[in-house]
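Next comes run37.cif, with mmCIF, C-alpha atoms.
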```cif
data_structure
loop_
_atom_site.label_atom_id
_atom_site.label_comp_id
_atom_site.auth_asym_id
_atom_site.auth_seq_id
_atom_site.Cartn_x
_atom_site.Cartn_y
_atom_site.Cartn_z
CA MET A 4 19.63 -11.92 -3.26
CA ASP A 5 15.83 -11.63 -3.27
CA ARG A 6 16.03 -8.43 -1.24
CA ILE A 7 18.61 -6.93 -3.62
CA ARG A 8 16.50 -7.99 -6.60
CA ARG A 9 13.43 -6.31 -5.09
CA LEU A 10 15.41 -3.13 -4.39
CA LEU A 11 16.65 -2.98 -7.97
CA ALA A 12 13.17 -3.68 -9.32
CA GLY A 13 11.79 -0.68 -7.42
CA PRO A 14 9.89 1.40 -6.92
CA TRP A 15 12.80 3.57 -5.77
CA VAL A 16 10.50 6.35 -4.61
CA PRO A 17 6.96 6.13 -3.16
CA PRO A 18 4.39 5.87 -5.98
CA ALA A 19 2.50 8.84 -4.54
CA VAL A 20 5.50 11.11 -5.28
CA GLY A 21 5.36 10.40 -9.00
CA LYS A 22 8.25 10.45 -11.49
CA ALA A 23 9.59 13.95 -10.73
CA PRO A 24 12.35 12.75 -8.32
CA TYR A 25 14.01 10.91 -11.20
CA LEU A 26 14.17 14.15 -13.19
CA TRP A 27 15.57 16.06 -10.20
CA LEU A 28 18.67 13.87 -10.41
CA LEU A 29 19.55 15.79 -13.57
CA SER A 30 20.62 18.59 -11.22
CA LEU A 31 23.84 16.62 -10.77
CA ASN A 32 24.93 18.04 -14.13
CA PHE A 33 26.17 21.10 -12.17
CA PHE A 34 28.50 18.76 -10.35
CA VAL A 35 30.06 17.52 -13.59
CA TRP A 36 29.88 20.85 -15.44
CA LYS A 37 33.48 21.63 -14.54
CA TYR A 38 34.70 18.69 -16.56
CA PHE A 39 33.29 19.98 -19.80
CA TYR A 40 36.21 22.39 -20.01
CA ILE A 41 38.76 20.88 -17.56
CA ARG A 42 39.98 17.38 -18.14
CA PRO A 43 39.82 15.39 -14.87
CA SER A 44 42.57 13.14 -13.62
CA VAL A 45 42.00 9.43 -13.37
CA LEU A 46 41.78 9.68 -9.58
CA GLU A 47 39.30 12.56 -9.73
CA LEU A 48 37.20 10.74 -12.29
CA ALA A 49 37.12 7.64 -10.05
CA MET A 50 36.15 9.75 -7.02
CA LEU A 51 33.44 11.43 -9.09
CA ALA A 52 31.91 8.08 -10.08
CA LEU A 53 32.18 6.79 -6.51
CA THR A 54 30.44 9.91 -5.18
CA ILE A 55 27.51 9.52 -7.54
CA ILE A 56 27.24 5.79 -6.73
CA VAL A 57 27.16 6.61 -2.99
CA PHE A 58 24.79 9.55 -3.34
CA ALA A 59 22.11 7.86 -5.50
CA PRO A 60 20.96 5.31 -2.84
CA MET A 61 20.95 8.03 -0.17
CA TYR A 62 18.88 10.27 -2.41
CA PHE A 63 16.24 7.62 -3.10
CA SER A 64 16.15 6.48 0.55
CA SER A 65 15.41 10.07 1.64
CA PHE A 66 11.92 9.73 0.14
CA TRP A 67 11.16 6.78 2.44
CA LEU A 68 12.71 8.01 5.68
CA ARG A 69 11.15 10.37 8.21
CA ASN A 70 12.38 12.57 11.05
CA ARG A 71 15.33 11.10 13.00
CA ARG A 72 15.83 8.26 10.53
CA LEU A 73 16.52 10.91 7.90
CA VAL A 74 19.34 12.61 9.86
CA PRO A 75 22.17 10.24 8.75
CA VAL A 76 21.24 10.78 5.09
CA LEU A 77 21.21 14.57 5.59
CA LEU A 78 24.59 14.51 7.29
CA ALA A 79 26.11 12.27 4.61
CA THR A 80 24.81 14.49 1.80
CA PHE A 81 26.10 17.60 3.58
CA ALA A 82 29.47 15.88 4.05
CA LEU A 83 29.72 15.18 0.31
CA GLY A 84 29.25 18.89 -0.33
CA VAL A 85 31.90 19.79 2.26
CA VAL A 86 34.45 17.35 0.81
CA TRP A 87 33.97 18.48 -2.78
CA ALA A 88 33.50 22.22 -2.20
CA PRO A 89 37.23 23.17 -2.35
CA PHE A 90 37.71 21.26 -5.62
CA ASN A 91 34.43 21.66 -7.51
CA PHE A 92 32.02 24.62 -7.30
CA GLY A 93 29.27 22.24 -8.49
CA ALA A 94 29.34 20.72 -4.99
CA CYS A 95 26.68 23.32 -4.15
CA THR A 96 24.28 20.76 -5.66
CA PHE A 97 24.66 18.54 -2.58
CA PHE A 98 23.66 21.38 -0.25
CA ILE A 99 20.62 22.05 -2.42
CA PHE A 100 19.68 18.36 -2.35
CA ALA A 101 20.13 18.31 1.43
CA SER A 102 17.76 21.29 1.73
CA GLY A 103 15.16 19.47 -0.36
CA MET A 104 15.52 16.31 1.76
CA CYS A 105 14.31 18.29 4.79
CA ALA A 106 10.77 17.63 3.47
CA GLY A 107 10.99 14.34 5.36
CA ILE A 108 11.06 16.20 8.70
CA GLU A 109 7.40 16.38 9.66
CA ASN A 110 7.74 19.20 12.19
CA ARG A 111 7.90 22.31 10.00
CA ARG A 112 9.81 24.36 12.56
CA TYR A 113 12.54 21.73 12.74
CA ALA A 114 12.51 21.36 8.95
CA TYR A 115 13.03 25.07 8.32
CA GLY A 116 15.65 25.19 11.07
CA THR A 117 17.54 22.33 9.44
CA ILE A 118 17.46 24.10 6.09
CA ALA A 119 18.89 27.21 7.72
CA LEU A 120 21.68 25.16 9.35
CA ILE A 121 22.56 23.51 6.04
CA LEU A 122 22.73 26.77 4.09
CA CYS A 123 24.56 28.64 6.85
CA GLY A 124 27.06 25.78 7.05
CA ALA A 125 27.60 25.98 3.30
CA ALA A 126 28.10 29.75 3.51
CA LEU A 127 30.67 29.37 6.31
CA ILE A 128 32.57 26.80 4.27
CA ALA A 129 32.52 29.09 1.23
CA LEU A 130 33.90 32.00 3.27
CA SER A 131 36.46 29.94 5.16
CA VAL A 132 38.11 28.48 2.05
CA ASP A 133 37.45 31.59 -0.09
CA LEU A 134 35.17 29.90 -2.61
CA PRO A 135 33.86 31.97 -5.54
CA LEU A 136 30.37 33.44 -5.80
CA SER A 137 29.60 30.78 -8.40
CA PHE A 138 29.45 28.39 -5.44
CA LEU A 139 27.79 30.56 -2.80
CA LEU A 140 25.06 32.25 -4.86
CA PRO A 141 23.47 29.05 -6.29
CA THR A 142 23.61 27.45 -2.87
CA LEU A 143 21.65 30.26 -1.20
CA ALA A 144 19.52 31.40 -4.14
CA VAL A 145 18.40 27.90 -5.13
CA GLY A 146 18.73 25.97 -1.87
CA THR A 147 16.42 28.32 0.06
CA PRO A 148 13.35 28.16 -2.25
CA VAL A 149 13.91 24.47 -3.02
CA GLY A 150 14.02 23.59 0.68
CA ILE A 151 11.01 25.72 1.61
CA ALA A 152 8.96 24.51 -1.37
CA SER A 153 9.79 20.86 -0.58
CA VAL A 154 8.68 21.25 3.04
CA MET A 155 5.46 23.02 2.04
CA ASP A 156 4.67 20.39 -0.60
CA ALA A 157 5.32 17.53 1.82
CA THR A 158 3.16 19.20 4.48
CA LEU A 159 0.32 19.63 1.98
CA LYS A 160 0.54 15.98 0.91
CA ARG A 161 0.50 14.79 4.53
CA LYS A 162 -2.60 16.86 5.19
CA GLN A 163 -4.25 15.47 2.07
CA TRP A 164 -3.38 11.94 3.17
CA GLN A 165 -4.79 12.60 6.65
CA LEU A 166 -7.98 13.97 5.09
CA LEU A 167 -8.23 10.90 2.87
CA ARG A 168 -7.81 8.62 5.88
CA LYS A 169 -10.52 10.51 7.75
CA GLN A 170 -12.84 10.18 4.75
CA GLU A 171 -12.13 6.46 4.60
CA GLU A 172 -12.85 6.19 8.32
CA VAL A 173 -16.14 8.04 7.90
CA GLU A 174 -17.08 5.76 5.00
CA HIS A 175 -16.14 2.72 7.06
CA LEU A 176 -18.29 3.90 10.00
CA ALA A 177 -21.13 4.62 7.60
CA ARG A 178 -20.91 1.08 6.24
CA ILE A 179 -20.97 -0.32 9.77
CA ALA A 180 -24.04 1.77 10.61
CA GLU A 181 -25.74 0.63 7.42
CA ARG A 182 -25.02 -3.02 8.19
CA GLU A 183 -26.42 -2.63 11.68
CA ARG A 184 -29.54 -1.03 10.24
CA ILE A 185 -29.99 -3.88 7.74
CA SER A 186 -29.39 -6.39 10.52
CA ARG A 187 -32.13 -4.82 12.65
CA ASP A 188 -34.52 -4.66 9.71
CA MET A 189 -33.83 -8.28 8.86
CA HIS A 190 -34.45 -9.30 12.46
CA ASP A 191 -37.78 -7.50 12.51
CA LEU A 192 -38.72 -8.91 9.12
CA LEU A 193 -37.84 -12.51 9.92
CA GLY A 194 -39.35 -12.34 13.41
CA HIS A 195 -42.78 -11.42 12.05
CA THR A 196 -42.68 -13.72 9.04
CA LEU A 197 -41.38 -16.78 10.88
CA SER A 198 -43.95 -16.31 13.62
CA LEU A 199 -46.69 -16.24 10.99
CA ILE A 200 -45.30 -19.35 9.27
CA THR A 201 -45.13 -21.16 12.62
CA LEU A 202 -48.76 -20.38 13.41
CA LYS A 203 -49.93 -21.46 9.97
CA ALA A 204 -47.90 -24.68 10.17
CA GLU A 205 -49.54 -25.53 13.53
CA LEU A 206 -52.95 -24.73 12.08
CA ALA A 207 -52.29 -26.86 9.01
CA GLY A 208 -51.28 -29.74 11.27
CA ARG A 209 -54.53 -29.51 13.23
CA LEU A 210 -56.65 -29.27 10.06
CA LEU A 211 -54.90 -32.15 8.33
CA ASP A 212 -57.27 -34.83 9.73
CA ARG A 213 -60.44 -32.72 9.86
CA ASP A 214 -60.37 -30.67 6.64
CA ALA A 215 -57.75 -31.61 4.08
CA GLU A 216 -58.76 -28.76 1.77
CA ASP A 217 -58.23 -26.08 4.44
CA SER A 218 -54.98 -27.79 5.41
CA ARG A 219 -53.72 -27.60 1.81
CA ARG A 220 -54.76 -23.95 1.71
CA GLU A 221 -52.73 -23.18 4.84
CA ILE A 222 -49.75 -25.10 3.48
CA LYS A 223 -50.03 -23.07 0.28
CA ASP A 224 -50.05 -19.88 2.36
CA ILE A 225 -46.95 -21.12 4.20
CA GLU A 226 -45.19 -21.64 0.89
CA THR A 227 -46.27 -18.19 -0.34
CA HIS A 228 -45.08 -16.43 2.83
CA ALA A 229 -41.82 -18.40 2.84
CA ARG A 230 -41.06 -17.40 -0.76
CA LYS A 231 -41.99 -13.81 -0.02
CA ALA A 232 -39.76 -13.81 3.07
CA LEU A 233 -36.89 -15.31 1.08
CA ALA A 234 -37.20 -12.57 -1.55
CA GLU A 235 -37.34 -9.85 1.12
CA VAL A 236 -34.32 -11.28 2.93
CA ARG A 237 -32.29 -11.44 -0.28
CA SER A 238 -33.19 -7.84 -1.00
CA ALA A 239 -32.36 -6.73 2.54
CA VAL A 240 -28.95 -8.36 2.72
CA SER A 241 -27.82 -7.59 -0.84
CA GLY A 242 -25.57 -4.82 0.50
CA TYR A 243 -24.55 -6.59 3.69
CA ARG A 244 -21.19 -8.24 3.15
CA GLN A 245 -18.20 -8.71 5.37
CA THR A 246 -15.10 -7.40 3.56
CA GLY A 247 -12.60 -7.16 6.40
CA PHE A 248 -9.34 -9.06 5.99
CA ALA A 249 -9.78 -10.84 9.34
CA HIS A 250 -13.19 -12.14 8.24
CA GLU A 251 -11.82 -13.16 4.84
CA LEU A 252 -8.93 -14.98 6.52
CA ALA A 253 -11.36 -16.90 8.72
CA GLN A 254 -13.43 -17.81 5.64
CA ALA A 255 -10.27 -18.94 3.86
CA ARG A 256 -9.24 -21.10 6.80
CA ALA A 257 -12.65 -22.79 6.86
CA ALA A 258 -12.68 -23.38 3.09
CA LEU A 259 -9.15 -24.80 3.05
CA ALA A 260 -9.85 -26.99 6.08
CA ALA A 261 -12.78 -28.52 4.23
CA ALA A 262 -10.32 -29.47 1.47
CA ASN A 263 -7.78 -30.85 3.99
CA VAL A 264 -5.41 -27.92 3.46
CA THR A 265 -3.75 -26.45 6.55
CA LEU A 266 -3.37 -22.68 6.77
CA ASP A 267 -0.59 -20.91 8.70
CA ALA A 268 -1.23 -17.18 9.07
CA ASN A 269 1.14 -14.52 10.37
CA VAL A 270 -0.67 -11.19 10.21
CA GLN A 271 1.01 -8.18 11.79
CA ALA A 272 -1.35 -5.86 13.66
CA PHE A 273 -1.31 -2.30 12.27
CA PRO A 274 -3.88 0.22 11.00
CA MET A 275 -4.63 -0.36 7.35
CA PRO A 276 -6.51 1.90 4.89
CA ALA A 277 -9.90 0.50 3.97
CA THR A 278 -9.01 0.43 0.27
CA ALA A 279 -5.86 -1.61 0.87
CA GLU A 280 -7.72 -3.98 3.21
CA SER A 281 -10.41 -4.53 0.58
CA VAL A 282 -7.81 -5.34 -2.11
CA LEU A 283 -6.02 -7.75 0.23
CA SER A 284 -9.29 -9.47 1.12
CA LEU A 285 -10.29 -9.95 -2.52
CA SER A 286 -6.79 -11.14 -3.44
CA LEU A 287 -6.82 -13.69 -0.61
CA ARG A 288 -10.23 -14.94 -1.77
CA GLU A 289 -8.95 -15.34 -5.34
CA ALA A 290 -5.77 -17.08 -4.15
CA VAL A 291 -7.79 -19.55 -2.07
CA THR A 292 -10.04 -20.20 -5.06
CA ASN A 293 -6.99 -21.00 -7.19
CA ILE A 294 -5.64 -23.34 -4.50
CA LEU A 295 -8.91 -25.24 -4.31
CA ARG A 296 -9.35 -25.46 -8.09
CA HIS A 297 -5.85 -25.97 -9.44
CA ALA A 298 -3.21 -26.62 -6.82
CA ASP A 299 -3.98 -29.93 -5.08
CA ALA A 300 -2.11 -28.40 -2.12
CA ARG A 301 -1.82 -29.61 1.46
CA HIS A 302 -0.33 -26.52 3.07
CA CYS A 303 -0.81 -22.75 2.65
CA GLU A 304 0.99 -19.82 4.26
CA VAL A 305 -0.28 -16.23 4.55
CA SER A 306 1.72 -13.34 5.98
CA VAL A 307 0.95 -9.63 6.12
CA THR A 308 3.56 -7.12 7.32
CA LEU A 309 4.22 -3.40 7.15
CA GLN A 310 7.62 -2.49 5.67
CA ASP A 311 8.56 1.18 5.32
CA GLY A 312 4.99 2.29 4.77
CA VAL A 313 4.22 -0.53 2.32
CA VAL A 314 1.82 -3.40 3.11
CA VAL A 315 3.49 -6.63 2.02
CA CYS A 316 1.33 -9.75 1.73
CA HIS A 317 2.76 -13.19 0.87
CA ILE A 318 0.49 -16.11 -0.04
CA ARG A 319 2.16 -19.45 -0.78
CA ASP A 320 1.01 -23.04 -1.22
CA ASP A 321 2.72 -26.35 -1.91
CA GLY A 322 0.44 -27.39 -4.75
CA ARG A 323 1.71 -29.98 -7.19
CA LYS A 324 -0.69 -29.71 -10.14
CA LEU A 325 0.03 -26.13 -11.18
CA ASP A 326 3.41 -26.03 -12.93
CA SER A 327 3.04 -22.78 -14.93
CA LEU A 328 1.10 -19.53 -14.99
CA GLN A 329 -0.77 -20.58 -18.13
CA ALA A 330 -3.69 -22.13 -16.25
CA LEU A 331 -4.10 -19.00 -14.15
CA ALA A 332 -3.65 -16.59 -17.05
CA GLN A 333 -6.57 -18.17 -18.88
CA GLY A 334 -9.02 -16.87 -16.27
CA ASN A 335 -10.00 -13.43 -15.11
CA GLY A 336 -9.05 -13.90 -11.46
CA LEU A 337 -5.35 -13.09 -11.75
CA ARG A 338 -6.03 -10.24 -14.19
CA GLY A 339 -8.57 -8.72 -11.82
CA MET A 340 -6.15 -9.07 -8.92
CA GLN A 341 -3.43 -7.26 -10.87
CA GLU A 342 -5.82 -4.45 -11.83
CA ARG A 343 -6.95 -3.94 -8.23
CA VAL A 344 -3.36 -3.83 -6.96
CA ALA A 345 -2.28 -1.49 -9.75
CA SER A 346 -5.18 0.86 -9.00
CA LEU A 347 -3.56 1.57 -5.60
CA GLY A 348 -0.11 2.02 -7.09
CA GLY A 349 1.05 -1.36 -5.81
CA GLN A 350 2.81 -4.35 -7.28
CA LEU A 351 1.87 -8.01 -7.69
CA ARG A 352 4.47 -10.70 -8.25
CA VAL A 353 3.39 -14.24 -9.13
CA GLU A 354 5.73 -17.25 -9.19
CA VAL A 355 5.08 -20.91 -9.82
CA ALA A 356 7.83 -23.10 -8.38
CA ARG A 357 6.89 -25.98 -6.10
CA GLY A 358 3.54 -24.32 -5.67
CA LEU A 359 2.02 -20.90 -6.25
CA SER A 360 3.59 -17.84 -4.61
CA LEU A 361 1.95 -14.40 -4.59
CA GLU A 362 3.53 -11.21 -3.28
CA LEU A 363 1.41 -8.07 -3.03
CA ARG A 364 2.97 -4.71 -2.17
CA LEU A 365 0.48 -1.93 -1.47
CA PRO A 366 1.56 1.61 -0.52
CA THR A 367 -0.31 3.17 2.38
CA GLY A 368 0.46 6.77 1.60
CA GLY A 369 2.95 7.32 4.40
CA LEU A 370 1.68 5.03 7.15
CA ALA A 371 4.57 4.35 9.52
#
```
Spell out the structure here as structure tokens.
Amino acid sequence: MDRIRRLLAGPWVPPAVGKAPYLWLLSLNFFVWKYFYIRPSVLELAMLALTIIVFAPMYFSSFWLRNRRLVPVLLATFALGVVWAPFNFGACTFFIFASGMCAGIENRRYAYGTIALILCGAALIALSVDLPLSFLLPTLAVGTPVGIASVMDATLKRKQWQLLRKQEEVEHLARIAERERISRDMHDLLGHTLSLITLKAELAGRLLDRDAEDSRREIKDIETHARKALAEVRSAVSGYRQTGFAHELAQARAALAAANVTLDANVQAFPMPATAESVLSLSLREAVTNILRHADARHCEVSVTLQDGVVVCHIRDDGRKLDSLQALAQGNGLRGMQERVASLGGQLRVEVARGLSLELRLPTGGLA
């Protein structure tokens, strides 16, 4: 039931595609155009409703499937056109939809070849059963540009996504290089300063019995250099922070262990965009903070999986104190978490029932 509820809640198409696919469904009006001037029989009306009910899930699934996984949907859509072609010239719509679905075939040569097979098959059917030009012309005149434009648009989006991933990788490498630079600078800084403090501390110890005034002066210098070093270190490491999810998970485990809360983690290994990893890390930190402040929990579970190009993260605890979302809603943590997830086109679901349950769904832009 939860899976069905999630499917009905959507999104039915990848967020990166936008809302246009919902409008494209209006093309089915060609399929029902016949019935504006011809009254259908009860059986035909039932078959019409059944066809639309069967086609809608296949249509939406075509936006999530790629390559060979898309073939059954293409064949089923083509079959709907074949079955309806002798009875309804609006069946050409299914061949046009099938041409547009070829955008999910990543090899352009195969995609264009599949479009050609679909349209040639439709033409052969039209000629074999002597269908009118009102069926054949829309199929070829609309199916060809729709199929080609869909493949070109999908290819462009994949290239843009690959470019974005490369930019994220470059930024990630730049951050690593910057952290290494700061680490080296901090090492050089602390090495010199601590050596100086050590020498002055030894000198102050030797002067303590012979010259108390000089000893106090050296101790004052130690304090001055220590404060100066502390300020320099704070300045040097202000941009040096670990934001990786693995590091955040280790921090969460240590913090929960200190509060006698056990953590069970099941994190699937897969490449993750830096933006999604950052949002997951911050969300995990906020969830752990809520557990420590509000939950009075003894057990916490964290799982991260990749499902159809969507990163799914579940965070649950068995806390007993929190019995509603009101305590969480009063703060900024949950609101900030929702804003970060929404900025990536994702979804956040929060439930309070025998503990706090968070579900984050973050699209990866086509990661398989």
Check your understanding: Applied to this file, what does the PyMOL selection byres ((chain A and resi 291) around 12) return in terms of residues, put as a PyMOL selection string?
Key -> chain A and resi 251-260+262+264-266+284-290+292-300+302-305+318-320+322+336-337+359-361
**Study point:** Shell of 8 Å around A:Cys95, all atoms listed in the file, local chain residues under 4 positions omitted, as a list of chain:residue names
**Key:** A:Phe34, A:Gly84, A:Ala88, A:Ile99, A:Ala125, A:Phe138, A:Leu139, A:Pro141, A:Thr142
**Study point:** Residue with smallest distance to A:Val86 - pool A:Arg219, A:Leu202, A:Thr54, A:Ser65, counting only C-alpha atoms
**Key:** A:Thr54
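Across the model, the gap from atom CA of A:Glu205 to atom CA of A:Leu233 is 20.5 Å.
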Exercise for review: Determine, counting all atoms listed in the file, every residue of protein, DNA or RNA that lies within 10 Å of (18.2, 23.1, -5.3) in the file coordinates, then give the result as a list in words.
Suggested key: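 Residues satisfying the cut-off, written out: Trp27, Ser30, Cys95, Thr96, Phe97, Phe98, Ile99, Phe100, Ala101, Ser102, Gly103, Pro141, Thr142, Leu143, Ala144, Val145, Gly146, Thr147, Pro148, Val149, Gly150 and Ser153 of chain A.
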